[in-house]
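Structure first, commentary second.
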Amino acid sequence: MPERYGSWHTPRTRFRRWALDGTFERMLRAARARAAVTRKSGGRAGSEPHTFASMVDAAFGHPRLAAIYDPLDPDRSDLDAYLAMAKEFGARSVLDIGCGTGVFALLLAERGMTATGIDPARASVDVARGKPGAERVRWLDGDAGDLPPMQIDLVTMTGNVVQAIADPQAWRTTLRGAYEALRPGGRLVFETRDPAQRVWEEWAEWTRETTYRMTDIPGVGHVETWVELTDVSLPLVSFRGTHVFAADGDVLTSESTLRFRERPEIERDLHEHGFAVENVRDAPDRPGREFVFVARRGTAEPQSRGAAEPRSRREPSRWPGPAVLGHSASLSFGSTPVRRGPLMGRRLSAWLIREVATYRAAK
Ligand SMILES: C[S@@+](CC[C@H](N)C(=O)[O-])C[C@H]1O[C@@H](n2cnc3c(N)ncnc32)[C@H](O)[C@@H]1O
């Protein structure tokens with residue numbers, strides 16, 4: 001840690017300052033991204049491993065993969081239902097959380113609505129920023145915890161964004177951010193796969209052979225892709241996408257984990273964050289497979305502590321002891337001793353991520 005964060009005899013204060021200004025988080029994101037992405041150079045001698053700073057899946061956060069997101073999945077008829085709902089609710093201003101490459105926000109702006117798109121995958125938002133008409137949309141980098149003050153009519157999360165927000169704390173941050181961005185009476189709309197359909201059993205068929213595609217993308221060349229299911233530990237389901245760029249032999253992989261939430265769980269979370277569930281619809285393009293939640297921001301205070309309450313009142317998670325900053329042989333979390341080695345690494349990084357999120361939220 002650089003000296004400017006204070007003296008070593010106050011390691012906790014120093015760590016807090018370090019965490020607060022985002023340095024630690026950026027380093028952690030970069031390290032996680034490096035772990036998530038492998039790059040094989042196709043035999044080119046001396047090429048460096050590719051790194052990028054993002055906490056999101058490489059499919060969204062890697063510039064080269066973000067650039068081919070739309071050409072690989074050009075059919076966006078799933079967005080028709082969202083456009084219809086924006087019209088049905090008479091929305092004049094819409095915030096699209098997890099906007100990705102901005103397809104939906106651009107459609108809204110084309111129809112005269114005031115559109116804002118936010119996504120933590122900077123590479124995806126950069127793709128959006130480069131599209132025709134992008135100047136009509138307000139683009140933001142980050143998650144719903146990074147939103148400026150707003151009074152929005154409608155918040156959307158399209159393309160199963162909700163399932164990509166697998167971390168419970170990130171999910172609470174999203175609901176809190178959506179609530180704070182909406183005007184009283186404004187609506188939150190999103191879809192999520194119905195776990196009862198057990199779609200992961202269909203995905204068990206996913207192998208290189210069954211999902212292999214070759215796509216010719218203008219300006220990029222041929223790209224081979226395939227997807228493999230890597231883990232089912234319900235409610236989490238993980239898979240790996242592989243992309244091979246014929247132009248230079250690059251192989252980029254992206255690891256993804258989706259959370260499958262039951263309908264009562266989502267209803268409870270919405271309620272705790274100050275929303276009333278207006279109705280749960282079917283997705284017209286995927287009948288019987290998705291829940292489409294339409295929730296309305298109430299005027300009453302949300303119930304959940306640490307959810308929609310003022311950020312400054314939220315408490316940080318427990319500090320595991322100064323050993324984290326030194327070279328001590330053992331470390332304990334409460335009464336739980338933590339072994340050295342990979343386990344300690346995982347627990348430490350989980351704790352550090354929580355600390356950073358808490359201090360950033362309390363800023
Ligand atoms: C499947 S893509 C959908 C993108 C876009 N909504 C669409 O319909 O094309 C999922 C998106 O969720 C974003 N995402 C992941 N975690 C997020 C979070 N905590 N908050 C907001 N967006 C997130 C990813 O960066 C990615 O762009």
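How things are named: the first chain in the structure tokens is A, the next is B, and so on; residues count from 1 in each chain; ligands count from 1 in the order shown.
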
message: What residues of the protein or nucleic acid chains come within 9 Å of ligand 1 when you use only C-alpha atoms and all ligand atoms? Reply as number ranges by chain.
response: A: 55-61, 66, 69-70, 73, 76, 78-79, 96-104, 118-125, 142-145, 156-167, 170-171, 173-174

message: Which residues are close to Asp285 (chain A), i.e. within 10 Å by only C-alpha atoms, leaving aside same-chain residues fewer than 4 positions away? Reply as number ranges by chain.
response: A: 77-81, 289-290

Okay, now the selection with N, CA and C atoms, as a PDB file, in the first residue's frame?
```pdb
ATOM      1  N   SER A  77     -35.483  -9.918 -30.490  1.00  0.00           N
ATOM      2  CA  SER A  77     -36.940  -9.811 -30.397  1.00  0.00           C
ATOM      3  C   SER A  77     -37.399  -9.915 -28.943  1.00  0.00           C
ATOM      4  N   ASP A  78     -36.505 -10.393 -28.045  1.00  0.00           N
ATOM      5  CA  ASP A  78     -36.847 -10.436 -26.621  1.00  0.00           C
ATOM      6  C   ASP A  78     -37.115  -9.033 -26.071  1.00  0.00           C
ATOM      7  N   LEU A  79     -36.574  -8.015 -26.746  1.00  0.00           N
ATOM      8  CA  LEU A  79     -36.726  -6.639 -26.242  1.00  0.00           C
ATOM      9  C   LEU A  79     -38.084  -6.034 -26.602  1.00  0.00           C
ATOM     10  N   ASP A  80     -38.800  -6.670 -27.544  1.00  0.00           N
ATOM     11  CA  ASP A  80     -40.111  -6.127 -27.959  1.00  0.00           C
ATOM     12  C   ASP A  80     -41.054  -5.985 -26.766  1.00  0.00           C
ATOM     13  N   ALA A  81     -41.035  -7.014 -25.896  1.00  0.00           N
ATOM     14  CA  ALA A  81     -41.944  -6.993 -24.746  1.00  0.00           C
ATOM     15  C   ALA A  81     -41.593  -5.837 -23.808  1.00  0.00           C
ATOM     16  N   ARG A 289     -41.354 -20.172 -19.563  1.00  0.00           N
ATOM     17  CA  ARG A 289     -39.975 -20.413 -19.131  1.00  0.00           C
ATOM     18  C   ARG A 289     -39.412 -19.316 -18.235  1.00  0.00           C
ATOM     19  N   GLU A 290     -40.033 -18.153 -18.292  1.00  0.00           N
ATOM     20  CA  GLU A 290     -39.469 -17.006 -17.559  1.00  0.00           C
ATOM     21  C   GLU A 290     -40.532 -16.379 -16.666  1.00  0.00           C
TER      22      GLU A 290
END
```

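Rounded to one decimal, CA of Ile266 (chain A) and CA of Asp75 (chain A) lie 27.8 Å from each other.
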
query: Which residue gives the smallest distance to Ser238 (chain A) among A:Leu258, A:Met85, A:Ala115, A:Val280, with only C-alpha atoms counted?
result: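 Distance minimum relative to Ser238 (chain A) lands on A:Leu258.
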
- request: Would you list the contacts of Phe293 (chain A) as a PyMOL selection string, taking every protein, DNA or RNA residue within 8 Å and counting only C-alpha atoms, but skipping same-chain residues closer than 2 positions in sequence?
  value: chain A and resi 188-191+277-281+291+295

- prompt: Which is closer to Gly130 (chain A) than all the others in A:Thr116, A:Gln169, A:Gln151, A:Leu106, using only C-alpha atoms?
  reply: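 When distances to Gly130 (chain A) are compared using only C-alpha atoms, the smallest one comes from A:Leu106.
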
task: From the DSSP assignment of the backbone, select every residue of region 39-279 of chain A that is helix (DSSP H, G or I), and format the answer as a PyMOL selection string.
output: chain A and resi 58-61+63-66+69-72+79-88+103-110+122-129+134-136+144-146+161-164+168-181+195-197+199-203+208-211+263-272

If you keep C-alpha atoms, can you produce a file of those selected residues as a CSV table (one decimal), in the first residue's frame?
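New file selection.csv:
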```csv
chain,number,residue,atom,x,y,z
A,58,ALA,CA,-15.1,-11.8,-19.8
A,59,ALA,CA,-17.9,-12.1,-22.3
A,60,PHE,CA,-19.0,-8.6,-21.3
A,61,GLY,CA,-15.8,-7.1,-19.9
A,63,PRO,CA,-13.0,-5.6,-25.3
A,64,ARG,CA,-12.6,-8.2,-28.0
A,65,LEU,CA,-15.6,-10.3,-26.7
A,66,ALA,CA,-17.8,-7.3,-26.0
A,69,TYR,CA,-21.6,-9.8,-28.4
A,70,ASP,CA,-24.2,-8.3,-30.8
A,71,PRO,CA,-23.1,-10.1,-34.0
A,72,LEU,CA,-23.1,-13.4,-32.1
A,79,LEU,CA,-36.7,-6.6,-26.2
A,80,ASP,CA,-40.1,-6.1,-28.0
A,81,ALA,CA,-41.9,-7.0,-24.7
A,82,TYR,CA,-39.9,-4.4,-22.8
A,83,LEU,CA,-40.6,-1.8,-25.4
A,84,ALA,CA,-44.3,-2.6,-25.2
A,85,MET,CA,-44.2,-2.3,-21.4
A,86,ALA,CA,-42.4,1.1,-21.6
A,87,LYS,CA,-45.3,2.2,-23.8
A,88,GLU,CA,-48.0,0.6,-21.7
A,103,VAL,CA,-29.2,-2.2,-27.7
A,104,PHE,CA,-32.3,-1.6,-25.5
A,105,ALA,CA,-31.3,1.9,-24.4
A,106,LEU,CA,-30.8,2.9,-28.0
A,107,LEU,CA,-34.2,1.6,-29.0
A,108,LEU,CA,-35.7,3.7,-26.2
A,109,ALA,CA,-33.9,6.8,-27.3
A,110,GLU,CA,-35.0,6.3,-30.9
A,122,ARG,CA,-16.8,-0.9,-19.4
A,123,ALA,CA,-15.9,-2.7,-22.6
A,124,SER,CA,-19.6,-3.3,-23.3
A,125,VAL,CA,-20.6,0.2,-22.5
A,126,ASP,CA,-17.8,1.4,-24.8
A,127,VAL,CA,-19.3,-0.6,-27.6
A,128,ALA,CA,-22.6,1.1,-26.9
A,129,ARG,CA,-20.9,4.5,-26.9
A,134,ALA,CA,-25.4,6.8,-28.8
A,135,GLU,CA,-25.2,10.6,-28.1
A,136,ARG,CA,-28.9,10.4,-27.3
A,144,ALA,CA,-26.8,0.3,-9.5
A,145,GLY,CA,-24.8,1.4,-6.4
A,146,ASP,CA,-23.0,4.0,-8.6
A,161,VAL,CA,-29.3,-9.5,-16.2
A,162,VAL,CA,-30.8,-10.5,-12.8
A,163,GLN,CA,-29.4,-14.0,-13.1
A,164,ALA,CA,-25.9,-12.6,-13.9
A,168,PRO,CA,-26.5,-11.7,-2.9
A,169,GLN,CA,-24.9,-8.4,-1.8
A,170,ALA,CA,-24.7,-7.2,-5.5
A,171,TRP,CA,-28.4,-8.2,-5.8
A,172,ARG,CA,-29.4,-6.1,-2.8
A,173,THR,CA,-27.3,-3.2,-4.1
A,174,THR,CA,-29.2,-3.5,-7.4
A,175,LEU,CA,-32.6,-3.4,-5.8
A,176,ARG,CA,-31.6,-0.6,-3.5
A,177,GLY,CA,-30.2,1.4,-6.5
A,178,ALA,CA,-33.3,0.7,-8.6
A,179,TYR,CA,-35.5,1.9,-5.7
A,180,GLU,CA,-33.5,5.1,-5.2
A,181,ALA,CA,-33.4,5.9,-9.0
A,195,PRO,CA,-36.1,-22.6,-11.9
A,196,ALA,CA,-39.0,-25.1,-12.1
A,197,GLN,CA,-38.2,-25.5,-15.8
A,199,VAL,CA,-33.2,-25.6,-17.9
A,200,TRP,CA,-29.7,-26.7,-16.7
A,201,GLU,CA,-30.8,-30.2,-17.5
A,202,GLU,CA,-31.1,-29.1,-21.2
A,203,TRP,CA,-27.7,-27.3,-20.8
A,208,ARG,CA,-18.0,-28.3,-27.9
A,209,GLU,CA,-19.7,-30.7,-30.4
A,210,THR,CA,-23.3,-29.8,-29.7
A,211,THR,CA,-22.9,-26.0,-29.4
A,263,ARG,CA,-40.6,-16.6,-7.4
A,264,PRO,CA,-41.3,-16.3,-3.7
A,265,GLU,CA,-37.7,-15.4,-3.0
A,266,ILE,CA,-37.8,-12.5,-5.6
A,267,GLU,CA,-41.2,-11.4,-4.3
A,268,ARG,CA,-39.8,-11.2,-0.7
A,269,ASP,CA,-36.6,-9.4,-1.9
A,270,LEU,CA,-38.7,-6.8,-3.8
A,271,HIS,CA,-41.0,-6.3,-0.8
A,272,GLU,CA,-38.0,-5.8,1.5
```

query: Quick one: DSSP strand (DSSP E or B) residues in region 35-251 of chain A, as a count of residues only?
result: 65

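Picture a line from CA of Leu229 (chain A) to CA of Trp206 (chain A); it runs 5.9 Å.
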
statement: Here CA of Arg259 (chain A) and CA of Thr207 (chain A) stand apart by 20.9 Å
